[in-house]
$ cat data.cif   # mmCIF, C-alpha atoms
data_run
#
loop_
_atom_site.group_PDB
_atom_site.id
_atom_site.type_symbol
_atom_site.label_atom_id
_atom_site.label_comp_id
_atom_site.auth_asym_id
_atom_site.auth_seq_id
_atom_site.Cartn_x
_atom_site.Cartn_y
_atom_site.Cartn_z
ATOM 1 C CA MET D 23 -12.764 10.677 -19.426
ATOM 2 C CA SER D 24 -14.002 8.216 -22.031
ATOM 3 C CA GLU D 25 -17.711 7.611 -22.415
ATOM 4 C CA ALA D 26 -17.272 3.934 -21.472
ATOM 5 C CA ALA D 27 -15.366 4.833 -18.303
ATOM 6 C CA ALA D 28 -17.986 7.405 -17.333
ATOM 7 C CA GLU D 29 -20.790 4.879 -17.754
ATOM 8 C CA LEU D 30 -18.981 2.265 -15.647
ATOM 9 C CA ASP D 31 -18.132 4.855 -13.011
ATOM 10 C CA ALA D 32 -21.820 5.734 -12.704
ATOM 11 C CA GLU D 33 -22.814 2.061 -12.541
ATOM 12 C CA ILE D 34 -20.231 1.212 -9.886
ATOM 13 C CA THR D 35 -21.209 4.248 -7.834
ATOM 14 C CA SER D 36 -24.878 3.287 -7.984
ATOM 15 C CA LYS D 37 -24.148 -0.280 -6.931
ATOM 16 C CA VAL D 38 -21.869 0.758 -4.060
ATOM 17 C CA GLU D 39 -24.496 3.172 -2.775
ATOM 18 C CA SER D 40 -27.161 0.463 -2.895
ATOM 19 C CA LEU D 41 -25.173 -2.114 -0.923
ATOM 20 C CA PRO D 42 -26.987 -3.141 2.285
ATOM 21 C CA ARG D 43 -23.597 -3.134 4.017
ATOM 22 C CA ARG D 44 -20.556 -1.244 2.840
ATOM 23 C CA ASP D 45 -18.009 -3.569 4.405
ATOM 24 C CA THR D 46 -14.852 -4.907 2.770
ATOM 25 C CA ALA D 47 -16.368 -8.261 1.821
ATOM 26 C CA SER D 48 -19.384 -6.685 0.124
ATOM 27 C CA VAL D 49 -17.365 -4.102 -1.787
ATOM 28 C CA ARG D 50 -14.780 -6.670 -2.844
ATOM 29 C CA ALA D 51 -17.512 -8.972 -4.153
ATOM 30 C CA LEU D 52 -18.754 -6.065 -6.256
ATOM 31 C CA ARG D 53 -15.236 -5.350 -7.471
ATOM 32 C CA ARG D 54 -14.838 -8.982 -8.519
ATOM 33 C CA GLU D 55 -18.014 -8.739 -10.555
ATOM 34 C CA PHE D 56 -16.598 -5.779 -12.453
ATOM 35 C CA SER D 57 -13.157 -7.389 -12.797
ATOM 36 C CA ARG D 58 -14.814 -10.291 -14.616
ATOM 37 C CA ARG D 59 -16.618 -7.890 -16.916
ATOM 38 C CA LEU D 60 -13.488 -5.847 -17.595
ATOM 39 C CA GLY D 61 -11.171 -8.769 -18.262
ATOM 40 C CA GLY D 62 -10.978 -8.210 -22.010
ATOM 41 C CA VAL D 63 -11.329 -4.442 -22.267
ATOM 42 C CA ASP D 64 -8.697 -1.901 -23.242
ATOM 43 C CA PRO D 65 -6.286 -1.463 -20.272
ATOM 44 C CA GLU D 66 -6.259 2.300 -20.743
ATOM 45 C CA MET D 67 -10.009 2.364 -20.171
ATOM 46 C CA VAL D 68 -9.509 0.597 -16.820
ATOM 47 C CA ILE D 69 -6.976 3.261 -15.826
ATOM 48 C CA ASP D 70 -9.407 5.959 -16.950
ATOM 49 C CA LEU D 71 -12.143 4.360 -14.841
ATOM 50 C CA ALA D 72 -9.827 4.248 -11.837
ATOM 51 C CA PHE D 73 -9.206 7.985 -12.093
ATOM 52 C CA CYS D 74 -12.970 8.563 -12.199
ATOM 53 C CA LEU D 75 -13.409 6.540 -9.033
ATOM 54 C CA ILE D 76 -10.577 8.072 -7.014
ATOM 55 C CA ALA D 77 -11.992 11.522 -7.721
ATOM 56 C CA ARG D 78 -14.840 10.615 -5.383
ATOM 57 C CA PRO D 79 -14.312 11.516 -1.707
ATOM 58 C CA GLU D 80 -15.241 8.180 -0.140
ATOM 59 C CA PHE D 81 -12.484 5.619 0.500
ATOM 60 C CA LEU D 82 -14.543 2.741 -0.914
ATOM 61 C CA TYR D 83 -14.123 4.101 -4.432
ATOM 62 C CA ARG D 84 -10.338 4.225 -4.109
ATOM 63 C CA PHE D 85 -10.470 0.669 -2.829
ATOM 64 C CA VAL D 86 -12.406 -0.431 -5.920
ATOM 65 C CA ALA D 87 -10.159 1.590 -8.253
ATOM 66 C CA TYR D 88 -6.903 0.175 -6.924
ATOM 67 C CA GLU D 89 -8.172 -3.401 -6.871
ATOM 68 C CA LEU D 90 -9.575 -3.118 -10.408
ATOM 69 C CA ILE D 91 -6.115 -2.150 -11.647
ATOM 70 C CA ARG D 92 -4.322 -4.769 -9.583
ATOM 71 C CA HIS D 93 -6.557 -7.522 -10.929
ATOM 72 C CA HIS D 94 -6.458 -6.434 -14.574
ATOM 73 C CA ARG D 95 -3.221 -7.716 -16.065
ATOM 74 C CA GLY D 96 -3.114 -5.210 -18.888
ATOM 75 C CA ALA D 97 -3.902 -2.179 -16.730
ATOM 76 C CA PHE D 98 -1.375 -3.204 -14.079
ATOM 77 C CA ALA D 99 1.272 -3.625 -16.784
ATOM 78 C CA LEU D 100 0.784 0.017 -17.829
ATOM 79 C CA LEU D 101 1.807 1.366 -14.434
ATOM 80 C CA ASP D 102 5.042 3.301 -14.260
ATOM 81 C CA GLU D 103 6.441 5.775 -11.747
ATOM 82 C CA ALA D 104 4.563 8.802 -13.067
ATOM 83 C CA LEU D 105 1.243 6.985 -13.273
ATOM 84 C CA VAL D 106 1.637 5.496 -9.788
ATOM 85 C CA GLU D 107 2.241 8.944 -8.340
ATOM 86 C CA ARG D 108 -0.800 10.331 -10.146
ATOM 87 C CA LEU D 109 -2.979 7.517 -8.818
ATOM 88 C CA GLY D 110 -1.712 8.204 -5.309
ATOM 89 C CA GLN D 111 -2.587 11.886 -5.318
ATOM 90 C CA GLY D 112 -5.086 12.689 -2.580
ATOM 91 C CA VAL D 113 -4.385 9.729 -0.291
ATOM 92 C CA ASP D 114 -5.169 11.070 3.168
ATOM 93 C CA SER D 115 -6.154 8.215 5.463
ATOM 94 C CA TRP D 116 -4.855 4.921 6.840
ATOM 95 C CA TYR D 117 -7.185 3.065 4.479
ATOM 96 C CA ASP D 118 -6.142 5.018 1.389
ATOM 97 C CA VAL D 119 -2.437 4.613 2.029
ATOM 98 C CA ASP D 120 -2.442 0.986 3.082
ATOM 99 C CA THR D 121 -4.600 -0.168 0.189
ATOM 100 C CA PHE D 122 -2.536 1.798 -2.303
ATOM 101 C CA GLY D 123 0.775 0.643 -0.823
ATOM 102 C CA LEU D 124 -0.165 -3.031 -0.776
ATOM 103 C CA GLU D 125 -2.033 -3.198 -4.081
ATOM 104 C CA ILE D 126 -0.223 -0.670 -6.251
ATOM 105 C CA SER D 127 2.927 1.194 -5.201
ATOM 106 C CA GLY D 128 4.700 -1.626 -3.375
ATOM 107 C CA GLN D 129 3.936 -4.106 -6.136
ATOM 108 C CA VAL D 130 5.171 -1.814 -8.919
ATOM 109 C CA TRP D 131 8.264 -0.848 -6.922
ATOM 110 C CA ARG D 132 9.140 -4.507 -6.380
ATOM 111 C CA GLU D 133 8.938 -5.044 -10.143
ATOM 112 C CA GLY D 134 11.361 -2.181 -10.770
ATOM 113 C CA ARG D 135 8.902 0.186 -12.439
ATOM 114 C CA VAL D 136 9.117 2.673 -9.559
ATOM 115 C CA SER D 137 12.649 3.732 -8.623
ATOM 116 C CA ASP D 138 14.234 3.609 -5.187
ATOM 117 C CA ASP D 139 14.822 7.355 -5.550
ATOM 118 C CA ALA D 140 11.091 7.969 -5.985
ATOM 119 C CA VAL D 141 10.202 6.050 -2.823
ATOM 120 C CA ALA D 142 12.954 7.912 -0.952
ATOM 121 C CA ARG D 143 11.380 11.148 -2.181
ATOM 122 C CA TRP D 144 8.037 10.044 -0.740
ATOM 123 C CA ALA D 145 9.806 9.409 2.564
ATOM 124 C CA SER D 146 11.023 13.019 2.646
ATOM 125 C CA SER D 147 7.606 14.505 1.817
ATOM 126 C CA ASP D 148 5.970 17.121 4.017
ATOM 127 C CA ASP D 149 2.804 15.020 3.718
ATOM 128 C CA ARG D 150 2.617 12.460 6.526
ATOM 129 C CA TRP D 151 0.606 10.088 4.337
ATOM 130 C CA TRP D 152 3.277 9.912 1.648
ATOM 131 C CA ARG D 153 5.912 9.263 4.309
ATOM 132 C CA ARG D 154 3.761 6.405 5.606
ATOM 133 C CA LEU D 155 3.266 5.202 2.031
ATOM 134 C CA ALA D 156 7.029 4.863 1.566
ATOM 135 C CA LEU D 157 7.195 2.429 4.489
ATOM 136 C CA VAL D 158 3.994 0.559 3.632
ATOM 137 C CA SER D 159 5.384 0.043 0.135
ATOM 138 C CA THR D 160 8.126 -2.132 1.646
ATOM 139 C CA VAL D 161 5.564 -4.702 2.811
ATOM 140 C CA PRO D 162 5.065 -6.278 -0.660
ATOM 141 C CA LEU D 163 8.855 -6.600 -0.911
ATOM 142 C CA ASN D 164 8.878 -8.970 2.042
ATOM 143 C CA LEU D 165 5.425 -10.418 2.713
ATOM 144 C CA LYS D 166 5.045 -13.822 1.089
ATOM 145 C CA THR D 167 1.296 -13.491 0.616
ATOM 146 C CA ARG D 168 1.913 -10.271 -1.356
ATOM 147 C CA GLY D 169 4.533 -11.873 -3.577
ATOM 148 C CA GLY D 170 7.575 -10.712 -1.637
ATOM 149 C CA SER D 171 10.748 -12.751 -1.371
ATOM 150 C CA GLY D 172 12.618 -10.520 1.082
ATOM 151 C CA GLU D 173 14.520 -7.316 0.330
ATOM 152 C CA PRO D 174 16.283 -6.150 3.507
ATOM 153 C CA LEU D 175 18.542 -3.565 1.858
ATOM 154 C CA ARG D 176 15.721 -1.584 0.281
ATOM 155 C CA THR D 177 13.494 -1.938 3.328
ATOM 156 C CA LEU D 178 16.075 -0.860 5.876
ATOM 157 C CA ALA D 179 17.247 2.043 3.696
ATOM 158 C CA LEU D 180 13.692 3.441 3.879
ATOM 159 C CA CYS D 181 13.467 2.803 7.608
ATOM 160 C CA GLU D 182 16.763 4.609 8.151
ATOM 161 C CA LEU D 183 15.465 7.680 6.311
ATOM 162 C CA LEU D 184 12.518 7.911 8.735
ATOM 163 C CA LEU D 185 14.211 7.059 12.034
ATOM 164 C CA ASP D 186 13.507 10.455 13.582
ATOM 165 C CA ASP D 187 9.910 10.763 12.358
ATOM 166 C CA ARG D 188 7.548 10.696 15.325
ATOM 167 C CA ASP D 189 4.279 11.132 13.460
ATOM 168 C CA ASP D 190 2.059 8.310 14.722
ATOM 169 C CA THR D 191 1.112 7.176 11.222
ATOM 170 C CA VAL D 192 4.787 6.845 10.299
ATOM 171 C CA VAL D 193 5.865 5.208 13.571
ATOM 172 C CA LYS D 194 3.227 2.488 13.164
ATOM 173 C CA ALA D 195 4.295 1.918 9.552
ATOM 174 C CA MET D 196 7.931 1.612 10.655
ATOM 175 C CA SER D 197 6.944 -1.086 13.132
ATOM 176 C CA TRP D 198 4.934 -2.892 10.467
ATOM 177 C CA ALA D 199 7.745 -2.752 7.910
ATOM 178 C CA LEU D 200 10.314 -4.153 10.344
ATOM 179 C CA ARG D 201 8.009 -6.859 11.685
ATOM 180 C CA VAL D 202 7.222 -8.105 8.184
ATOM 181 C CA LEU D 203 10.906 -8.087 7.238
ATOM 182 C CA SER D 204 11.763 -10.046 10.397
ATOM 183 C CA GLU D 205 9.876 -13.013 8.966
ATOM 184 C CA ARG D 206 12.259 -13.007 5.989
ATOM 185 C CA ASP D 207 15.528 -11.835 7.538
ATOM 186 C CA ARG D 208 15.461 -11.913 11.308
ATOM 187 C CA ALA D 209 19.182 -11.205 11.639
ATOM 188 C CA ALA D 210 18.989 -8.040 9.531
ATOM 189 C CA VAL D 211 16.182 -6.651 11.697
ATOM 190 C CA GLU D 212 18.002 -7.550 14.911
ATOM 191 C CA ARG D 213 21.118 -5.706 13.696
ATOM 192 C CA PHE D 214 19.057 -2.698 12.657
ATOM 193 C CA VAL D 215 17.295 -2.488 16.021
ATOM 194 C CA ASP D 216 20.580 -2.880 17.909
ATOM 195 C CA THR D 217 22.246 -0.192 15.809
ATOM 196 C CA TYR D 218 19.454 2.365 16.033
ATOM 197 C CA ARG D 219 17.847 1.611 19.401
ATOM 198 C CA GLU D 220 18.513 5.174 20.593
ATOM 199 C CA TRP D 221 16.720 6.667 17.580
ATOM 200 C CA LEU D 222 13.789 4.314 17.112
ATOM 201 C CA ALA D 223 10.434 5.260 18.636
ATOM 202 C CA PRO D 224 9.519 3.319 21.807
ATOM 203 C CA ARG D 225 6.526 1.743 20.043
ATOM 204 C CA VAL D 226 8.772 0.415 17.281
ATOM 205 C CA LEU D 227 11.267 -1.031 19.735
ATOM 206 C CA ARG D 228 8.540 -2.673 21.813
ATOM 207 C CA GLU D 229 6.549 -4.162 18.943
ATOM 208 C CA VAL D 230 9.564 -5.360 16.956
ATOM 209 C CA ARG D 231 11.182 -6.920 20.013
ATOM 210 C CA ASN D 232 7.891 -8.623 20.833
ATOM 211 C CA LYS D 233 7.751 -9.972 17.286
ATOM 212 C CA LEU D 234 11.325 -11.241 17.472
ATOM 213 C CA THR D 235 10.888 -12.937 20.839
ATOM 214 C CA THR D 236 7.272 -14.175 20.744
ATOM 215 C CA GLY D 237 6.214 -13.994 17.107
ATOM 216 C CA LEU D 238 3.479 -11.495 18.035
ATOM 217 C CA LYS D 239 3.272 -7.705 18.006
ATOM 218 C CA ASN D 240 1.380 -7.530 21.320
ATOM 219 C CA PRO D 241 1.541 -10.934 23.033
ATOM 220 C CA SER D 242 -0.225 -9.696 26.178
ATOM 221 C CA ARG D 243 -3.414 -9.090 24.168
ATOM 222 C CA ARG D 244 -3.678 -12.668 22.976
#
$ encode --input "data.cif" --output "structure tokens"
Amino acid sequence: MSEAAAELDAEITSKVESLPRRDTASVRALRREFSRRLGGVDPEMVIDLAFCLIARPEFLYRFVAYELIRHHRGAFALLDEALVERLGQGVDSWYDVDTFGLEISGQVWREGRVSDDAVARWASSDDRWWRRLALVSTVPLNLKTRGGSGEPLRTLALCELLLDDRDDTVVKAMSWALRVLSERDRAAVERFVDTYREWLAPRVLREVRNKLTTGLKNPSRR
């Protein structure tokens, strides 16, 4: 750990702990403050700082770490497969996985700096959170607001690997992945659901069919 990274880690920690409310908006405002300050610093120092932050047990520090990298062009450009996997070590909650998948792993995968084989390896992990991460990482491939243009082949290959997984975290991610893809390639999702209806979890079938027919995951709740 560099001295500069250690000092920033201590400052960020102090400011997070002093926030009147530790909600997403408040923490993100703090992150933006530090992103402005870090704009011209050595990218490797930003990566070093991120590792300091993710060593802390509270999710908020992972949130700050991943967003600092995502919003620092130089640091984000340093990410490769090995570094992404190191940054993902220890993810063990919905918040950890979804933030990491949307901000880091899915983005780097889409750019070709994480291989399809690596994401397939995550999908076969004994760790439920890495299996969820594989599916969440498909969202930036397809979601327009995350830069996605639509990649049905890669998305459906991951979904096929996890058809039989009935862990709730994975089932919900499967539904999410297919629903997002349906906005880019409705026909591909319809074919997938028709082909694998006997293998897909009931939740996935229900939510994806709702999305295809009504545009909503749970129309009865609206």
$ atom_distance --input "data.cif" --atom1 "CA of Glu125 (chain D)" --atom2 "CA of Arg92 (chain D)"
6.2 Å
$ resolve_selection --input "data.cif" --expression "the PyMOL selection byres ((chain D and resi 154) around 8)" --output "list in words"
Val119, Ala145, Arg150, Trp151, Trp152, Arg153, Leu155, Ala156, Leu157, Val158, Thr191, Val192 and Ala195 of chain D
$ closest_residue --input "data.cif" --among "D:Arg59, D:Lys194, D:Arg43, D:His94" --to "Pro224 (chain D)" --atoms "only C-alpha atoms"
D:Lys194
$ resolve_selection --input "data.cif" --expression "the PyMOL selection byres ((chain D and resi 101) around 10)" --output "PDB file with C-alpha atoms, in the coordinates of the input"
ATOM      1  CA  ILE D  69      -6.976   3.261 -15.826  1.00  0.00           C
ATOM      2  CA  ILE D  91      -6.115  -2.150 -11.647  1.00  0.00           C
ATOM      3  CA  ARG D  92      -4.322  -4.769  -9.583  1.00  0.00           C
ATOM      4  CA  GLY D  96      -3.114  -5.210 -18.888  1.00  0.00           C
ATOM      5  CA  ALA D  97      -3.902  -2.179 -16.730  1.00  0.00           C
ATOM      6  CA  PHE D  98      -1.375  -3.204 -14.079  1.00  0.00           C
ATOM      7  CA  ALA D  99       1.272  -3.625 -16.784  1.00  0.00           C
ATOM      8  CA  LEU D 100       0.784   0.017 -17.829  1.00  0.00           C
ATOM      9  CA  ASP D 102       5.042   3.301 -14.260  1.00  0.00           C
ATOM     10  CA  GLU D 103       6.441   5.775 -11.747  1.00  0.00           C
ATOM     11  CA  ALA D 104       4.563   8.802 -13.067  1.00  0.00           C
ATOM     12  CA  LEU D 105       1.243   6.985 -13.273  1.00  0.00           C
ATOM     13  CA  VAL D 106       1.637   5.496  -9.788  1.00  0.00           C
ATOM     14  CA  GLU D 107       2.241   8.944  -8.340  1.00  0.00           C
ATOM     15  CA  LEU D 109      -2.979   7.517  -8.818  1.00  0.00           C
ATOM     16  CA  ILE D 126      -0.223  -0.670  -6.251  1.00  0.00           C
ATOM     17  CA  SER D 127       2.927   1.194  -5.201  1.00  0.00           C
ATOM     18  CA  VAL D 130       5.171  -1.814  -8.919  1.00  0.00           C
ATOM     19  CA  ARG D 135       8.902   0.186 -12.439  1.00  0.00           C
ATOM     20  CA  VAL D 136       9.117   2.673  -9.559  1.00  0.00           C
TER      21      VAL D 136
END
$ residues_around --input "data.cif" --residues "Val230 (chain D)" --least-positions-apart "2" --cutoff "9 Å" --atoms "only C-alpha atoms" --output "list in words"
Ser197, Trp198, Leu200, Arg201, Ser204, Val211, Glu212, Val215, Arg225, Val226, Leu227, Arg228, Asn232, Lys233, Leu234, Thr235, Leu238 and Lys239 of chain D
$ write_last_selection --input "data.cif" --atoms "C-alpha atoms" --output "CSV table (one decimal), in the coordinates of the input"
chain,number,residue,atom,x,y,z
D,197,SER,CA,6.9,-1.1,13.1
D,198,TRP,CA,4.9,-2.9,10.5
D,200,LEU,CA,10.3,-4.2,10.3
D,201,ARG,CA,8.0,-6.9,11.7
D,204,SER,CA,11.8,-10.0,10.4
D,211,VAL,CA,16.2,-6.7,11.7
D,212,GLU,CA,18.0,-7.6,14.9
D,215,VAL,CA,17.3,-2.5,16.0
D,225,ARG,CA,6.5,1.7,20.0
D,226,VAL,CA,8.8,0.4,17.3
D,227,LEU,CA,11.3,-1.0,19.7
D,228,ARG,CA,8.5,-2.7,21.8
D,232,ASN,CA,7.9,-8.6,20.8
D,233,LYS,CA,7.8,-10.0,17.3
D,234,LEU,CA,11.3,-11.2,17.5
D,235,THR,CA,10.9,-12.9,20.8
D,238,LEU,CA,3.5,-11.5,18.0
D,239,LYS,CA,3.3,-7.7,18.0
$ resolve_selection --input "data.cif" --expression "the PyMOL selection byres ((chain D and resi 112) around 12)" --output "ChimeraX atom specification"
/D:73,76-81,84,107-111,113-115,118-119,122,149-152
$ atom_distance --input "data.cif" --atom1 "CA of Ala210 (chain D)" --atom2 "CA of Trp116 (chain D)"
27.3 Å
$ decode --input "data.cif" --residues "region 201-232 of chain D" --atoms "N, CA and C atoms" --output "PDB file, in the first residue's frame"
ATOM      1  N   ARG D 201     -34.473 -10.639 -18.948  1.00  0.00           N
ATOM      2  CA  ARG D 201     -35.369  -9.496 -19.127  1.00  0.00           C
ATOM      3  C   ARG D 201     -34.652  -8.314 -19.782  1.00  0.00           C
ATOM      4  N   VAL D 202     -33.402  -8.090 -19.382  1.00  0.00           N
ATOM      5  CA  VAL D 202     -32.639  -7.004 -20.005  1.00  0.00           C
ATOM      6  C   VAL D 202     -32.377  -7.323 -21.475  1.00  0.00           C
ATOM      7  N   LEU D 203     -31.990  -8.562 -21.761  1.00  0.00           N
ATOM      8  CA  LEU D 203     -31.739  -8.942 -23.152  1.00  0.00           C
ATOM      9  C   LEU D 203     -32.998  -8.808 -24.001  1.00  0.00           C
ATOM     10  N   SER D 204     -34.161  -9.077 -23.421  1.00  0.00           N
ATOM     11  CA  SER D 204     -35.408  -9.020 -24.194  1.00  0.00           C
ATOM     12  C   SER D 204     -35.662  -7.638 -24.772  1.00  0.00           C
ATOM     13  N   GLU D 205     -35.094  -6.612 -24.156  1.00  0.00           N
ATOM     14  CA  GLU D 205     -35.263  -5.257 -24.674  1.00  0.00           C
ATOM     15  C   GLU D 205     -34.394  -5.006 -25.899  1.00  0.00           C
ATOM     16  N   ARG D 206     -33.394  -5.875 -26.104  1.00  0.00           N
ATOM     17  CA  ARG D 206     -32.506  -5.760 -27.261  1.00  0.00           C
ATOM     18  C   ARG D 206     -32.837  -6.786 -28.340  1.00  0.00           C
ATOM     19  N   ASP D 207     -33.185  -8.003 -27.900  1.00  0.00           N
ATOM     20  CA  ASP D 207     -33.454  -9.079 -28.857  1.00  0.00           C
ATOM     21  C   ASP D 207     -34.577  -9.948 -28.309  1.00  0.00           C
ATOM     22  N   ARG D 208     -35.785  -9.479 -28.484  1.00  0.00           N
ATOM     23  CA  ARG D 208     -36.955 -10.171 -27.973  1.00  0.00           C
ATOM     24  C   ARG D 208     -37.059 -11.593 -28.537  1.00  0.00           C
ATOM     25  N   ALA D 209     -36.815 -11.733 -29.831  1.00  0.00           N
ATOM     26  CA  ALA D 209     -36.961 -13.038 -30.469  1.00  0.00           C
ATOM     27  C   ALA D 209     -35.999 -14.060 -29.888  1.00  0.00           C
ATOM     28  N   ALA D 210     -34.767 -13.651 -29.601  1.00  0.00           N
ATOM     29  CA  ALA D 210     -33.784 -14.576 -29.041  1.00  0.00           C
ATOM     30  C   ALA D 210     -34.227 -15.074 -27.671  1.00  0.00           C
ATOM     31  N   VAL D 211     -34.775 -14.184 -26.849  1.00  0.00           N
ATOM     32  CA  VAL D 211     -35.250 -14.583 -25.526  1.00  0.00           C
ATOM     33  C   VAL D 211     -36.472 -15.490 -25.648  1.00  0.00           C
ATOM     34  N   GLU D 212     -37.375 -15.174 -26.544  1.00  0.00           N
ATOM     35  CA  GLU D 212     -38.549 -16.035 -26.734  1.00  0.00           C
ATOM     36  C   GLU D 212     -38.129 -17.443 -27.140  1.00  0.00           C
ATOM     37  N   ARG D 213     -37.168 -17.553 -28.059  1.00  0.00           N
ATOM     38  CA  ARG D 213     -36.691 -18.883 -28.473  1.00  0.00           C
ATOM     39  C   ARG D 213     -36.040 -19.622 -27.319  1.00  0.00           C
ATOM     40  N   PHE D 214     -35.253 -18.898 -26.529  1.00  0.00           N
ATOM     41  CA  PHE D 214     -34.570 -19.515 -25.394  1.00  0.00           C
ATOM     42  C   PHE D 214     -35.586 -20.057 -24.388  1.00  0.00           C
ATOM     43  N   VAL D 215     -36.574 -19.249 -24.054  1.00  0.00           N
ATOM     44  CA  VAL D 215     -37.594 -19.667 -23.093  1.00  0.00           C
ATOM     45  C   VAL D 215     -38.387 -20.852 -23.632  1.00  0.00           C
ATOM     46  N   ASP D 216     -38.729 -20.838 -24.905  1.00  0.00           N
ATOM     47  CA  ASP D 216     -39.466 -21.957 -25.493  1.00  0.00           C
ATOM     48  C   ASP D 216     -38.640 -23.241 -25.479  1.00  0.00           C
ATOM     49  N   THR D 217     -37.354 -23.096 -25.747  1.00  0.00           N
ATOM     50  CA  THR D 217     -36.471 -24.270 -25.811  1.00  0.00           C
ATOM     51  C   THR D 217     -36.244 -24.891 -24.442  1.00  0.00           C
ATOM     52  N   TYR D 218     -36.107 -24.036 -23.433  1.00  0.00           N
ATOM     53  CA  TYR D 218     -35.694 -24.528 -22.109  1.00  0.00           C
ATOM     54  C   TYR D 218     -36.776 -24.380 -21.044  1.00  0.00           C
ATOM     55  N   ARG D 219     -38.031 -24.309 -21.450  1.00  0.00           N
ATOM     56  CA  ARG D 219     -39.097 -24.068 -20.466  1.00  0.00           C
ATOM     57  C   ARG D 219     -39.159 -25.146 -19.388  1.00  0.00           C
ATOM     58  N   GLU D 220     -38.743 -26.368 -19.721  1.00  0.00           N
ATOM     59  CA  GLU D 220     -38.797 -27.456 -18.737  1.00  0.00           C
ATOM     60  C   GLU D 220     -37.652 -27.394 -17.742  1.00  0.00           C
ATOM     61  N   TRP D 221     -36.623 -26.619 -18.049  1.00  0.00           N
ATOM     62  CA  TRP D 221     -35.450 -26.518 -17.173  1.00  0.00           C
ATOM     63  C   TRP D 221     -35.428 -25.212 -16.373  1.00  0.00           C
ATOM     64  N   LEU D 222     -36.012 -24.187 -16.916  1.00  0.00           N
ATOM     65  CA  LEU D 222     -35.957 -22.879 -16.255  1.00  0.00           C
ATOM     66  C   LEU D 222     -36.777 -22.874 -14.969  1.00  0.00           C
ATOM     67  N   ALA D 223     -36.295 -22.159 -13.969  1.00  0.00           N
ATOM     68  CA  ALA D 223     -37.010 -22.028 -12.699  1.00  0.00           C
ATOM     69  C   ALA D 223     -38.343 -21.316 -12.923  1.00  0.00           C
ATOM     70  N   PRO D 224     -39.382 -21.694 -12.165  1.00  0.00           N
ATOM     71  CA  PRO D 224     -40.693 -21.054 -12.316  1.00  0.00           C
ATOM     72  C   PRO D 224     -40.638 -19.534 -12.229  1.00  0.00           C
ATOM     73  N   ARG D 225     -39.818 -18.997 -11.320  1.00  0.00           N
ATOM     74  CA  ARG D 225     -39.704 -17.537 -11.216  1.00  0.00           C
ATOM     75  C   ARG D 225     -39.217 -16.937 -12.530  1.00  0.00           C
ATOM     76  N   VAL D 226     -38.215 -17.565 -13.140  1.00  0.00           N
ATOM     77  CA  VAL D 226     -37.668 -17.049 -14.386  1.00  0.00           C
ATOM     78  C   VAL D 226     -38.733 -17.062 -15.477  1.00  0.00           C
ATOM     79  N   LEU D 227     -39.423 -18.182 -15.602  1.00  0.00           N
ATOM     80  CA  LEU D 227     -40.477 -18.268 -16.614  1.00  0.00           C
ATOM     81  C   LEU D 227     -41.533 -17.189 -16.405  1.00  0.00           C
ATOM     82  N   ARG D 228     -41.979 -17.042 -15.166  1.00  0.00           N
ATOM     83  CA  ARG D 228     -43.049 -16.076 -14.871  1.00  0.00           C
ATOM     84  C   ARG D 228     -42.595 -14.649 -15.165  1.00  0.00           C
ATOM     85  N   GLU D 229     -41.433 -14.270 -14.645  1.00  0.00           N
ATOM     86  CA  GLU D 229     -41.002 -12.879 -14.779  1.00  0.00           C
ATOM     87  C   GLU D 229     -40.634 -12.535 -16.223  1.00  0.00           C
ATOM     88  N   VAL D 230     -40.004 -13.471 -16.924  1.00  0.00           N
ATOM     89  CA  VAL D 230     -39.624 -13.194 -18.311  1.00  0.00           C
ATOM     90  C   VAL D 230     -40.860 -13.143 -19.197  1.00  0.00           C
ATOM     91  N   ARG D 231     -41.804 -14.043 -18.972  1.00  0.00           N
ATOM     92  CA  ARG D 231     -43.038 -13.991 -19.762  1.00  0.00           C
ATOM     93  C   ARG D 231     -43.816 -12.706 -19.483  1.00  0.00           C
ATOM     94  N   ASN D 232     -43.837 -12.300 -18.219  1.00  0.00           N
ATOM     95  CA  ASN D 232     -44.478 -11.016 -17.896  1.00  0.00           C
ATOM     96  C   ASN D 232     -43.817  -9.875 -18.659  1.00  0.00           C
TER      97      ASN D 232
END
